[in-house]
There are 2 protein chains.
Amino acid sequence: MATAMTDTNFADGSIDAPTPCLVVDEAALNHNLRTMSAALPGARLRPHVKAFKCTALAARLTEHGHHHFTCATLAEMAGLIRAGLATDLLLANETLDEVKLRDVVALAAGSNQPARITVAVDSAETIKVAAAAGVAEVLIDVNVGLPRCGCAPEYAGALAEQARSAGLSVRGVMGYEGHLMMVEERAERMDKVASAMELLQAASTAVGGEVISAGGTGTFDTNSIATEIQAGSFTLMDTQYSTLDLPFQQALWVEATVISVNRAGGWIVADCGLKSLGMDHGDPTWSGGDLWFCSDEHVTLAPADMDAWTVGDRVRLAPAHVDPTVAKHERMWLVSEEVTPGSPRAITEWPVDLRHW
Amino acid sequence: MATAMTDTNFADGSIDAPTPCLVVDEAALNHNLRTMSAALPGARLRPHVKAFKCTALAARLTEHGHHHFTCATLAEMAGLIRAGLATDLLLANETLDEVKLRDVVALAAGSNQPARITVAVDSAETIKVAAAAGVAEVLIDVNVGLPRCGCAPEYAGALAEQARSAGLSVRGVMGYEGHLMMVEERAERMDKVASAMELLQAASTAVGGEVISAGGTGTFDTNSIATEIQAGSFTLMDTQYSTLDLPFQQALWVEATVISVNRAGGWIVADCGLKSLGMDHGDPTWSGGDLWFCSDEHVTLAPADMDAWTVGDRVRLAPAHVDPTVAKHERMWLVSEEVTPGSPRAITEWPVDLRHW
């Protein structure tokens, strides 16, 4: 990891890194980590690494007492094990890739620390793959309303029996209420989450085991049934989650260089675009004015104050969706918290080392 | 590059690679390359590598007679030079990164073959950077209607003088009519492209030089003014371009494994999603039924024939936008053209080696 010093002001200035690049404000990140660990201390939170895909950030979570992680891919699991962060890893996803799963089990077995590997299963086929790959422990993935993975709640008990018959230890259940993350009204969100979690609780009774794993950033404090919450986006945040009444701050931006200024037309162009921004939740947000559109490597912006802009300036955009945005980059730049006002701050390179599959 | 043999049928079957992955049908690719090189032979086409970011595919274009390439990033230029594909490279974009640009110039100077490096400029600042980085040749980038880079047409002549005063050789002009790529009616597209190109032609007269570089896949045969067309997407295609009356075939898919089947609910889940698909033009298309939604690592599909699907099956999705889709992957798998019906076909790994910046 490279570290350099910068004397630019983080609020208005820029860092001296090639663009487009990801910039993380350590002060905001620390606020988010402190806030979450106060609400969900230790193993009550199982941070989901898919949101940030970075072992350096995962290590910060361990400093706040969170040692159990959630993964969406086997590459995330392998990366965490290699980084020595594999106390207790859950693949909260189904996999049919017996070869890669066996590699992860072997990696964990060969690591210097106890590395507990658990995978979600929701079918006879996924149970078979887990057993064949040498996995010891599973969770029964239960559908709680989102049309995605997970068995029907009433089938969870029978599936747990199948898993035990295949030699697997069943730690409990998981069920992701992803369809409820963005319910705007808090009271309505609480009601709907409670209904979804009733299904998971019933499945838990049928399955046995001590784990009820669920939740995300949108429901971290409205899900009272889960024994552990799988939130990840709270660390860096995005403009979609910021529309909810959450106590987390935007900590990540895409920084770009202004490469063209059209004063007569009233627009400027910066060098980030569709290849450096996750676009599925829509355009990113710019505090300096309107955003017209993104192209592959460009964004066209209409500044509120056109005269303020010159070719070579920097802009910062807040992404609409943090997970796919981070996954497009090889690194993020952490700008350290200001200790002495006005003094230079360290810029540390954090590899986005949990990418791909 | 790894090569293996497969005996699955490309039209309906799958390849034996970990998912999610990019699959390229060589027969369709060859059709597209043949069709384009018949319409725009040799240097009449300056293929844009941003669409496929792969030197192995660029090498195929050279086999069809196209040796001059268009780039959107300095990483694309550097990669093409390292691959020995740098006869004549155009950065059709503005850059303020003097350090990386100097590196590209040095790389080109040190290569075994004549490597001509040209960059687009549209301001005093970009001219200054090009000169300072040791670039020899530039094009004056002219705005022809798309609110992005490019100087006002009436300013092009003066800018060319500035560039010459800075010691740069001016090869001509470029102007991207990106706002006209998706005009549905062919006659209307021709009219509008002609109007936009009138601006570029006037700028060309003022600037001098022999090059008028413009166009893309959507206007490759409606732009009669440009001396060279910067098309790239025609190689692999996507569902947005396939809505136009173009003679190119879909040649690229994202292949995924079915990891969950919900027979009662009428949906299946496969392991590709927002991190393996460019989503800015909307959802990908699945020939087997409806697509409900994409999550980070999942797609939920409603098959026309639910009974046909089992956990472990493969699906193929056609992306809505090829450029940002390819940029998310480390490799693509080329499935060779069928020579003897029914015989195994080679699967060749093509690294997506022109990614990032």
# chains A, B, ... in the order shown; residues from 1 in each chain; ligands from 1

call {"tool": "residues_around", "arguments": {"residues": "Thr126 (chain A)", "least_positions_apart": "3", "cutoff": "8 Å", "atoms": "only C-alpha atoms", "output": "VMD selection string"}}
result
(chain A and resid 94 to 96 121 to 123 129 to 130) or (chain B and resid 259)

call {"tool": "write_last_selection", "arguments": {"atoms": "N, CA, C and O atoms", "output": "CSV table (one decimal), in the first residue's frame"}}
result
chain,number,residue,atom,x,y,z
A,94,GLU,N,-25.8,-19.0,-2.8
A,94,GLU,CA,-25.7,-20.4,-3.3
A,94,GLU,C,-24.6,-20.6,-4.3
A,94,GLU,O,-24.4,-19.6,-5.1
A,95,THR,N,-23.9,-21.7,-4.2
A,95,THR,CA,-22.9,-21.9,-5.2
A,95,THR,C,-23.0,-23.4,-5.7
A,95,THR,O,-23.2,-24.3,-5.0
A,96,LEU,N,-22.7,-23.5,-7.0
A,96,LEU,CA,-22.6,-24.8,-7.6
A,96,LEU,C,-21.2,-25.1,-8.0
A,96,LEU,O,-20.9,-26.1,-8.7
A,121,VAL,N,-27.4,-22.8,1.8
A,121,VAL,CA,-27.9,-23.8,0.9
A,121,VAL,C,-29.5,-23.7,0.9
A,121,VAL,O,-30.1,-23.3,1.9
A,122,ASP,N,-30.0,-24.0,-0.3
A,122,ASP,CA,-31.5,-23.9,-0.4
A,122,ASP,C,-32.1,-25.0,-1.3
A,122,ASP,O,-33.3,-24.9,-1.7
A,123,SER,N,-31.3,-26.0,-1.6
A,123,SER,CA,-31.8,-27.1,-2.4
A,123,SER,C,-30.9,-28.3,-2.2
A,123,SER,O,-29.8,-28.3,-1.6
A,129,VAL,N,-23.3,-30.2,-3.3
A,129,VAL,CA,-22.0,-29.5,-3.7
A,129,VAL,C,-21.3,-29.1,-2.4
A,129,VAL,O,-20.0,-29.3,-2.3
A,130,ALA,N,-22.0,-28.6,-1.4
A,130,ALA,CA,-21.3,-28.2,-0.1
A,130,ALA,C,-20.6,-29.5,0.5
A,130,ALA,O,-19.5,-29.4,0.9
B,259,ILE,N,-28.5,-21.1,-9.9
B,259,ILE,CA,-28.2,-21.5,-8.5
B,259,ILE,C,-29.4,-21.8,-7.6
B,259,ILE,O,-29.3,-22.3,-6.5

call {"tool": "closest_atom_pairs", "arguments": {"of": "chain B", "to": "chain A", "cutoff": "9 Å", "atoms": "only C-alpha atoms", "output": "CSV"}}
result
residue,atom,partner,partner_atom,distance
B:Pro18,CA,A:Asp97,CA,7.4
B:Thr19,CA,A:Trp357,CA,7.8
B:Pro20,CA,A:Trp357,CA,7.6
B:Lys50,CA,A:Asp296,CA,8.3
B:Ala72,CA,A:Glu297,CA,7.1
B:Thr73,CA,A:Glu297,CA,8.0
B:Asn93,CA,A:Ile259,CA,8.8
B:Glu94,CA,A:Ile259,CA,5.9
B:Thr95,CA,A:Ile259,CA,6.2
B:Leu96,CA,A:Gly312,CA,6.4
B:Asp97,CA,A:Pro18,CA,7.3
B:Lys100,CA,A:Pro18,CA,8.8
B:Asp122,CA,A:Ser260,CA,7.3
B:Ser123,CA,A:Ser260,CA,7.3
B:Glu125,CA,A:Val311,CA,6.6
B:Thr126,CA,A:Ile259,CA,7.8
B:Pro147,CA,A:Thr300,CA,7.1
B:Arg148,CA,A:Val269,CA,6.1
B:Cys149,CA,A:Ser260,CA,5.7
B:Gly150,CA,A:Ser260,CA,7.6
B:Cys151,CA,A:Asn262,CA,7.6
B:Ala152,CA,A:Asn262,CA,8.4
B:Thr257,CA,A:Leu96,CA,7.7
B:Val258,CA,A:Leu96,CA,8.4
B:Ile259,CA,A:Glu94,CA,5.9
B:Ser260,CA,A:Cys149,CA,5.7
B:Val261,CA,A:Cys149,CA,7.8
B:Asn262,CA,A:Cys151,CA,7.6
B:Gly265,CA,A:Pro147,CA,8.0
B:Trp267,CA,A:Pro147,CA,7.6
B:Ile268,CA,A:Arg148,CA,7.6
B:Val269,CA,A:Arg148,CA,6.1
B:Asp271,CA,A:Thr95,CA,8.4
B:Leu274,CA,A:Pro324,CA,6.3
B:Lys275,CA,A:Pro324,CA,5.4
B:Ser276,CA,A:His356,CA,8.5
B:Gly278,CA,A:Met279,CA,7.9
B:Met279,CA,A:Asp280,CA,5.3
B:Asp280,CA,A:Met279,CA,5.3
B:His281,CA,A:Asp280,CA,9.0
B:Gly282,CA,A:Asp280,CA,7.6
B:Asp283,CA,A:Asp280,CA,8.9
B:Trp292,CA,A:Pro147,CA,8.8
B:Cys294,CA,A:Asp280,CA,8.9
B:Asp296,CA,A:Pro324,CA,7.0
B:Glu297,CA,A:Ala72,CA,7.1
B:His298,CA,A:Arg148,CA,7.8
B:Val299,CA,A:Arg148,CA,8.0
B:Thr300,CA,A:Arg148,CA,6.1
B:Val311,CA,A:Glu125,CA,6.6
B:Gly312,CA,A:Leu96,CA,6.4
B:Asp323,CA,A:Asp296,CA,7.4
B:Pro324,CA,A:Lys275,CA,5.4
B:Thr325,CA,A:Lys275,CA,8.7
B:Ala327,CA,A:Lys275,CA,6.8
B:Lys328,CA,A:Lys328,CA,6.5
B:His329,CA,A:His356,CA,7.3
B:Glu330,CA,A:His356,CA,7.8
B:His356,CA,A:His329,CA,7.3
B:Trp357,CA,A:Pro20,CA,7.6

call {"tool": "select_by_dssp", "arguments": {"residues": "region 150-215 of chain B", "states": "strand (DSSP E or B)", "output": "number ranges by chain"}}
result
B: 151, 169-175, 211-214

call {"tool": "write_last_selection", "arguments": {"atoms": "N, CA and C atoms", "output": "PDB file, in the first residue's frame"}}
result
ATOM      1  N   CYS B 151     -14.184  21.773 -29.170  1.00  0.00           N
ATOM      2  CA  CYS B 151     -14.335  23.229 -29.200  1.00  0.00           C
ATOM      3  C   CYS B 151     -15.482  23.610 -30.137  1.00  0.00           C
ATOM      4  N   SER B 169       2.094  19.021 -34.659  1.00  0.00           N
ATOM      5  CA  SER B 169       1.605  18.862 -36.021  1.00  0.00           C
ATOM      6  C   SER B 169       0.104  18.545 -35.960  1.00  0.00           C
ATOM      7  N   VAL B 170      -0.691  19.245 -36.743  1.00  0.00           N
ATOM      8  CA  VAL B 170      -2.150  19.059 -36.704  1.00  0.00           C
ATOM      9  C   VAL B 170      -2.575  18.200 -37.892  1.00  0.00           C
ATOM     10  N   ARG B 171      -3.046  17.002 -37.591  1.00  0.00           N
ATOM     11  CA  ARG B 171      -3.421  16.065 -38.661  1.00  0.00           C
ATOM     12  C   ARG B 171      -4.804  16.341 -39.226  1.00  0.00           C
ATOM     13  N   GLY B 172      -5.608  17.095 -38.493  1.00  0.00           N
ATOM     14  CA  GLY B 172      -6.965  17.356 -38.955  1.00  0.00           C
ATOM     15  C   GLY B 172      -7.917  17.528 -37.788  1.00  0.00           C
ATOM     16  N   VAL B 173      -9.157  17.065 -37.979  1.00  0.00           N
ATOM     17  CA  VAL B 173     -10.202  17.277 -36.968  1.00  0.00           C
ATOM     18  C   VAL B 173     -10.880  15.953 -36.607  1.00  0.00           C
ATOM     19  N   MET B 174     -11.509  15.962 -35.447  1.00  0.00           N
ATOM     20  CA  MET B 174     -12.444  14.884 -35.115  1.00  0.00           C
ATOM     21  C   MET B 174     -13.679  15.511 -34.482  1.00  0.00           C
ATOM     22  N   GLY B 175     -14.797  14.794 -34.550  1.00  0.00           N
ATOM     23  CA  GLY B 175     -16.039  15.292 -33.947  1.00  0.00           C
ATOM     24  C   GLY B 175     -17.004  14.133 -33.842  1.00  0.00           C
ATOM     25  N   VAL B 211      -7.143  14.493 -42.047  1.00  0.00           N
ATOM     26  CA  VAL B 211      -8.010  13.591 -41.282  1.00  0.00           C
ATOM     27  C   VAL B 211      -9.316  14.272 -40.862  1.00  0.00           C
ATOM     28  N   ILE B 212     -10.433  13.592 -41.135  1.00  0.00           N
ATOM     29  CA  ILE B 212     -11.731  13.947 -40.537  1.00  0.00           C
ATOM     30  C   ILE B 212     -12.232  12.668 -39.869  1.00  0.00           C
ATOM     31  N   SER B 213     -12.045  12.599 -38.552  1.00  0.00           N
ATOM     32  CA  SER B 213     -12.336  11.369 -37.811  1.00  0.00           C
ATOM     33  C   SER B 213     -13.649  11.548 -37.059  1.00  0.00           C
ATOM     34  N   ALA B 214     -14.575  10.605 -37.215  1.00  0.00           N
ATOM     35  CA  ALA B 214     -15.900  10.752 -36.594  1.00  0.00           C
ATOM     36  C   ALA B 214     -16.612   9.407 -36.624  1.00  0.00           C
TER      37      ALA B 214
END

call {"tool": "residues_around", "arguments": {"residues": "region 160-165 of chain B", "least_positions_apart": "2", "cutoff": "9 Å", "atoms": "only C-alpha atoms", "output": "PDB file with all heavy atoms, in the first residue's frame"}}
result
ATOM      1  N   VAL B 121      -7.307  17.400 -28.927  1.00  0.00           N
ATOM      2  CA  VAL B 121      -7.208  18.585 -28.061  1.00  0.00           C
ATOM      3  C   VAL B 121      -8.381  19.509 -28.384  1.00  0.00           C
ATOM      4  O   VAL B 121      -8.852  19.550 -29.521  1.00  0.00           O
ATOM      5  CB  VAL B 121      -5.869  19.338 -28.267  1.00  0.00           C
ATOM      6  CG1 VAL B 121      -4.681  18.483 -27.809  1.00  0.00           C
ATOM      7  CG2 VAL B 121      -5.679  19.764 -29.720  1.00  0.00           C
ATOM      8  N   ALA B 124      -6.619  25.366 -24.839  1.00  0.00           N
ATOM      9  CA  ALA B 124      -5.222  25.745 -24.634  1.00  0.00           C
ATOM     10  C   ALA B 124      -4.547  24.799 -23.639  1.00  0.00           C
ATOM     11  O   ALA B 124      -3.384  24.409 -23.817  1.00  0.00           O
ATOM     12  CB  ALA B 124      -5.153  27.179 -24.116  1.00  0.00           C
ATOM     13  N   ILE B 127      -3.699  21.393 -25.225  1.00  0.00           N
ATOM     14  CA  ILE B 127      -2.563  21.594 -26.147  1.00  0.00           C
ATOM     15  C   ILE B 127      -1.261  21.653 -25.358  1.00  0.00           C
ATOM     16  O   ILE B 127      -0.258  21.016 -25.717  1.00  0.00           O
ATOM     17  CB  ILE B 127      -2.761  22.890 -26.969  1.00  0.00           C
ATOM     18  CG1 ILE B 127      -3.839  22.670 -28.036  1.00  0.00           C
ATOM     19  CG2 ILE B 127      -1.441  23.346 -27.613  1.00  0.00           C
ATOM     20  CD1 ILE B 127      -4.252  23.938 -28.779  1.00  0.00           C
ATOM     21  N   LYS B 128      -1.289  22.383 -24.259  1.00  0.00           N
ATOM     22  CA  LYS B 128      -0.092  22.539 -23.425  1.00  0.00           C
ATOM     23  C   LYS B 128       0.365  21.176 -22.886  1.00  0.00           C
ATOM     24  O   LYS B 128       1.560  20.852 -22.902  1.00  0.00           O
ATOM     25  CB  LYS B 128      -0.436  23.490 -22.264  1.00  0.00           C
ATOM     26  CG  LYS B 128       0.776  24.015 -21.527  1.00  0.00           C
ATOM     27  CD  LYS B 128       0.363  25.007 -20.438  1.00  0.00           C
ATOM     28  CE  LYS B 128       1.468  25.103 -19.397  1.00  0.00           C
ATOM     29  NZ  LYS B 128       1.018  25.735 -18.154  1.00  0.00           N
ATOM     30  N   ALA B 131       1.890  18.996 -25.731  1.00  0.00           N
ATOM     31  CA  ALA B 131       3.240  19.449 -26.094  1.00  0.00           C
ATOM     32  C   ALA B 131       4.246  19.080 -25.005  1.00  0.00           C
ATOM     33  O   ALA B 131       5.337  18.565 -25.294  1.00  0.00           O
ATOM     34  CB  ALA B 131       3.230  20.957 -26.335  1.00  0.00           C
ATOM     35  N   VAL B 138      -1.636  15.989 -33.236  1.00  0.00           N
ATOM     36  CA  VAL B 138      -2.952  16.145 -32.589  1.00  0.00           C
ATOM     37  C   VAL B 138      -4.048  16.252 -33.644  1.00  0.00           C
ATOM     38  O   VAL B 138      -3.791  16.517 -34.823  1.00  0.00           O
ATOM     39  CB  VAL B 138      -3.005  17.400 -31.684  1.00  0.00           C
ATOM     40  CG1 VAL B 138      -2.009  17.290 -30.532  1.00  0.00           C
ATOM     41  CG2 VAL B 138      -2.771  18.673 -32.487  1.00  0.00           C
ATOM     42  N   LEU B 139      -5.277  16.000 -33.204  1.00  0.00           N
ATOM     43  CA  LEU B 139      -6.477  16.382 -33.961  1.00  0.00           C
ATOM     44  C   LEU B 139      -7.197  17.452 -33.145  1.00  0.00           C
ATOM     45  O   LEU B 139      -7.203  17.398 -31.908  1.00  0.00           O
ATOM     46  CB  LEU B 139      -7.420  15.185 -34.151  1.00  0.00           C
ATOM     47  CG  LEU B 139      -6.994  14.020 -35.042  1.00  0.00           C
ATOM     48  CD1 LEU B 139      -8.156  13.009 -35.152  1.00  0.00           C
ATOM     49  CD2 LEU B 139      -6.568  14.493 -36.423  1.00  0.00           C
ATOM     50  N   ILE B 140      -7.788  18.407 -33.828  1.00  0.00           N
ATOM     51  CA  ILE B 140      -8.631  19.388 -33.147  1.00  0.00           C
ATOM     52  C   ILE B 140     -10.013  18.756 -32.973  1.00  0.00           C
ATOM     53  O   ILE B 140     -10.663  18.382 -33.957  1.00  0.00           O
ATOM     54  CB  ILE B 140      -8.741  20.704 -33.956  1.00  0.00           C
ATOM     55  CG1 ILE B 140      -7.346  21.272 -34.249  1.00  0.00           C
ATOM     56  CG2 ILE B 140      -9.613  21.712 -33.209  1.00  0.00           C
ATOM     57  CD1 ILE B 140      -6.523  21.655 -33.029  1.00  0.00           C
ATOM     58  N   TYR B 155     -14.117  28.063 -33.652  1.00  0.00           N
ATOM     59  CA  TYR B 155     -12.885  28.314 -32.910  1.00  0.00           C
ATOM     60  C   TYR B 155     -11.781  27.327 -33.318  1.00  0.00           C
ATOM     61  O   TYR B 155     -10.618  27.450 -32.916  1.00  0.00           O
ATOM     62  CB  TYR B 155     -13.195  28.216 -31.404  1.00  0.00           C
ATOM     63  CG  TYR B 155     -12.054  28.579 -30.493  1.00  0.00           C
ATOM     64  CD1 TYR B 155     -11.420  29.828 -30.571  1.00  0.00           C
ATOM     65  CD2 TYR B 155     -11.604  27.672 -29.529  1.00  0.00           C
ATOM     66  CE1 TYR B 155     -10.374  30.145 -29.719  1.00  0.00           C
ATOM     67  CE2 TYR B 155     -10.562  27.994 -28.677  1.00  0.00           C
ATOM     68  CZ  TYR B 155      -9.950  29.230 -28.773  1.00  0.00           C
ATOM     69  OH  TYR B 155      -8.912  29.547 -27.936  1.00  0.00           O
ATOM     70  N   ALA B 156     -12.138  26.354 -34.164  1.00  0.00           N
ATOM     71  CA  ALA B 156     -11.204  25.258 -34.486  1.00  0.00           C
ATOM     72  C   ALA B 156      -9.936  25.761 -35.184  1.00  0.00           C
ATOM     73  O   ALA B 156      -8.822  25.311 -34.878  1.00  0.00           O
ATOM     74  CB  ALA B 156     -11.917  24.213 -35.352  1.00  0.00           C
ATOM     75  N   GLY B 157     -10.098  26.692 -36.119  1.00  0.00           N
ATOM     76  CA  GLY B 157      -8.939  27.200 -36.846  1.00  0.00           C
ATOM     77  C   GLY B 157      -7.933  27.880 -35.928  1.00  0.00           C
ATOM     78  O   GLY B 157      -6.715  27.637 -36.009  1.00  0.00           O
ATOM     79  N   ALA B 158      -8.444  28.713 -35.030  1.00  0.00           N
ATOM     80  CA  ALA B 158      -7.557  29.418 -34.098  1.00  0.00           C
ATOM     81  C   ALA B 158      -6.839  28.430 -33.179  1.00  0.00           C
ATOM     82  O   ALA B 158      -5.649  28.584 -32.865  1.00  0.00           O
ATOM     83  CB  ALA B 158      -8.372  30.414 -33.269  1.00  0.00           C
ATOM     84  N   GLY B 167       4.310  23.735 -31.343  1.00  0.00           N
ATOM     85  CA  GLY B 167       5.210  22.736 -31.926  1.00  0.00           C
ATOM     86  C   GLY B 167       4.536  21.440 -32.312  1.00  0.00           C
ATOM     87  O   GLY B 167       5.199  20.459 -32.666  1.00  0.00           O
ATOM     88  N   LEU B 168       3.207  21.430 -32.258  1.00  0.00           N
ATOM     89  CA  LEU B 168       2.470  20.203 -32.590  1.00  0.00           C
ATOM     90  C   LEU B 168       2.077  20.198 -34.064  1.00  0.00           C
ATOM     91  O   LEU B 168       1.765  21.242 -34.635  1.00  0.00           O
ATOM     92  CB  LEU B 168       1.210  20.112 -31.732  1.00  0.00           C
ATOM     93  CG  LEU B 168       1.453  20.006 -30.220  1.00  0.00           C
ATOM     94  CD1 LEU B 168       0.182  20.333 -29.444  1.00  0.00           C
ATOM     95  CD2 LEU B 168       1.952  18.605 -29.868  1.00  0.00           C
ATOM     96  N   SER B 169       2.094  19.021 -34.659  1.00  0.00           N
ATOM     97  CA  SER B 169       1.605  18.862 -36.021  1.00  0.00           C
ATOM     98  C   SER B 169       0.104  18.545 -35.960  1.00  0.00           C
ATOM     99  O   SER B 169      -0.325  17.686 -35.186  1.00  0.00           O
ATOM    100  CB  SER B 169       2.389  17.726 -36.699  1.00  0.00           C
ATOM    101  OG  SER B 169       1.815  17.431 -37.938  1.00  0.00           O
ATOM    102  N   VAL B 170      -0.691  19.245 -36.743  1.00  0.00           N
ATOM    103  CA  VAL B 170      -2.150  19.059 -36.704  1.00  0.00           C
ATOM    104  C   VAL B 170      -2.575  18.200 -37.892  1.00  0.00           C
ATOM    105  O   VAL B 170      -2.479  18.625 -39.045  1.00  0.00           O
ATOM    106  CB  VAL B 170      -2.880  20.419 -36.714  1.00  0.00           C
ATOM    107  CG1 VAL B 170      -4.397  20.198 -36.663  1.00  0.00           C
ATOM    108  CG2 VAL B 170      -2.432  21.287 -35.544  1.00  0.00           C
ATOM    109  N   GLY B 172      -5.608  17.095 -38.493  1.00  0.00           N
ATOM    110  CA  GLY B 172      -6.965  17.356 -38.955  1.00  0.00           C
ATOM    111  C   GLY B 172      -7.917  17.528 -37.788  1.00  0.00           C
ATOM    112  O   GLY B 172      -7.531  18.061 -36.741  1.00  0.00           O
ATOM    113  N   ALA B 206     -10.959  25.076 -42.016  1.00  0.00           N
ATOM    114  CA  ALA B 206     -10.239  26.086 -41.240  1.00  0.00           C
ATOM    115  C   ALA B 206      -8.959  25.536 -40.629  1.00  0.00           C
ATOM    116  O   ALA B 206      -7.945  26.227 -40.526  1.00  0.00           O
ATOM    117  CB  ALA B 206     -11.151  26.642 -40.146  1.00  0.00           C
ATOM    118  N   VAL B 207      -8.999  24.278 -40.246  1.00  0.00           N
ATOM    119  CA  VAL B 207      -7.874  23.659 -39.521  1.00  0.00           C
ATOM    120  C   VAL B 207      -6.785  23.182 -40.478  1.00  0.00           C
ATOM    121  O   VAL B 207      -5.589  23.304 -40.210  1.00  0.00           O
ATOM    122  CB  VAL B 207      -8.392  22.480 -38.658  1.00  0.00           C
ATOM    123  CG1 VAL B 207      -7.258  21.574 -38.211  1.00  0.00           C
ATOM    124  CG2 VAL B 207      -9.169  23.020 -37.456  1.00  0.00           C
ATOM    125  N   GLY B 208      -7.208  22.609 -41.613  1.00  0.00           N
ATOM    126  CA  GLY B 208      -6.251  21.956 -42.491  1.00  0.00           C
ATOM    127  C   GLY B 208      -6.008  20.522 -42.061  1.00  0.00           C
ATOM    128  O   GLY B 208      -6.645  20.015 -41.143  1.00  0.00           O
TER     129      GLY B 208
END

call {"tool": "atom_distance", "arguments": {"atom1": "CA of Asp305 (chain A)", "atom2": "CA of Arg263 (chain A)"}}
result
10.5 Å

call {"tool": "residues_around", "arguments": {"residues": "Leu200 (chain A)", "least_positions_apart": "2", "cutoff": "7 Å", "atoms": "only C-alpha atoms", "output": "list in words"}}
result
Val142, Val144, Pro153, Gly175, Ala196, Met197, Glu198, Ala202, Ala203 and Ser204 of chain A

call {"tool": "residues_around", "arguments": {"residues": "Gly215 (chain B)", "least_positions_apart": "4", "cutoff": "12 Å", "atoms": "only C-alpha atoms", "output": "PyMOL selection string"}}
result
chain B and resi 40+44-48+70+92+144+174-181+189-190+193-194+196-197+200+219-233

call {"tool": "residues_around", "arguments": {"residues": "Leu246 (chain B)", "least_positions_apart": "4", "cutoff": "8 Å", "atoms": "only C-alpha atoms", "output": "list in words"}}
result
Gly218, Tyr241 and Ser242 of chain B

call {"tool": "select_by_dssp", "arguments": {"residues": "region 200-299 of chain B", "states": "alpha helix (DSSP H)", "output": "ChimeraX atom specification"}}
result
/B:200-207

call {"tool": "atom_distance", "arguments": {"atom1": "CA of Arg82 (chain B)", "atom2": "CA of Thr217 (chain B)"}}
result
26.5 Å

call {"tool": "residues_around", "arguments": {"residues": "Val24 (chain B)", "least_positions_apart": "6", "cutoff": "9 Å", "atoms": "only C-alpha atoms", "output": "number ranges by chain"}}
result
B: 236, 251-253, 332-336

call {"tool": "write_last_selection", "arguments": {"atoms": "N, CA, C and O atoms", "output": "PDB file, in the first residue's frame"}}
result
ATOM      1  N   LEU B 236     -19.005  -6.847 -31.205  1.00  0.00           N
ATOM      2  CA  LEU B 236     -19.682  -7.756 -30.269  1.00  0.00           C
ATOM      3  C   LEU B 236     -21.183  -7.475 -30.157  1.00  0.00           C
ATOM      4  O   LEU B 236     -21.946  -8.359 -29.813  1.00  0.00           O
ATOM      5  N   ALA B 251     -22.814 -11.044 -30.702  1.00  0.00           N
ATOM      6  CA  ALA B 251     -21.698 -11.999 -30.629  1.00  0.00           C
ATOM      7  C   ALA B 251     -21.224 -12.235 -29.204  1.00  0.00           C
ATOM      8  O   ALA B 251     -20.353 -13.069 -28.968  1.00  0.00           O
ATOM      9  N   LEU B 252     -21.781 -11.515 -28.249  1.00  0.00           N
ATOM     10  CA  LEU B 252     -21.319 -11.620 -26.856  1.00  0.00           C
ATOM     11  C   LEU B 252     -22.485 -11.821 -25.898  1.00  0.00           C
ATOM     12  O   LEU B 252     -23.522 -11.170 -26.039  1.00  0.00           O
ATOM     13  N   TRP B 253     -22.288 -12.703 -24.930  1.00  0.00           N
ATOM     14  CA  TRP B 253     -23.263 -12.933 -23.868  1.00  0.00           C
ATOM     15  C   TRP B 253     -22.567 -13.013 -22.518  1.00  0.00           C
ATOM     16  O   TRP B 253     -21.369 -13.311 -22.450  1.00  0.00           O
ATOM     17  N   MET B 332     -12.657 -12.904 -21.667  1.00  0.00           N
ATOM     18  CA  MET B 332     -13.818 -13.419 -22.392  1.00  0.00           C
ATOM     19  C   MET B 332     -13.423 -14.765 -22.987  1.00  0.00           C
ATOM     20  O   MET B 332     -12.237 -15.045 -23.187  1.00  0.00           O
ATOM     21  N   TRP B 333     -14.417 -15.624 -23.230  1.00  0.00           N
ATOM     22  CA  TRP B 333     -14.157 -16.957 -23.783  1.00  0.00           C
ATOM     23  C   TRP B 333     -14.678 -16.995 -25.208  1.00  0.00           C
ATOM     24  O   TRP B 333     -15.874 -16.852 -25.444  1.00  0.00           O
ATOM     25  N   LEU B 334     -13.745 -17.206 -26.138  1.00  0.00           N
ATOM     26  CA  LEU B 334     -14.111 -17.279 -27.544  1.00  0.00           C
ATOM     27  C   LEU B 334     -14.450 -18.718 -27.901  1.00  0.00           C
ATOM     28  O   LEU B 334     -13.608 -19.616 -27.760  1.00  0.00           O
ATOM     29  N   VAL B 335     -15.675 -18.935 -28.350  1.00  0.00           N
ATOM     30  CA  VAL B 335     -16.077 -20.272 -28.801  1.00  0.00           C
ATOM     31  C   VAL B 335     -15.913 -20.308 -30.307  1.00  0.00           C
ATOM     32  O   VAL B 335     -16.563 -19.561 -31.040  1.00  0.00           O
ATOM     33  N   SER B 336     -15.026 -21.191 -30.774  1.00  0.00           N
ATOM     34  CA  SER B 336     -14.604 -21.165 -32.175  1.00  0.00           C
ATOM     35  C   SER B 336     -15.750 -21.489 -33.121  1.00  0.00           C
ATOM     36  O   SER B 336     -16.727 -22.136 -32.753  1.00  0.00           O
TER      37      SER B 336
END
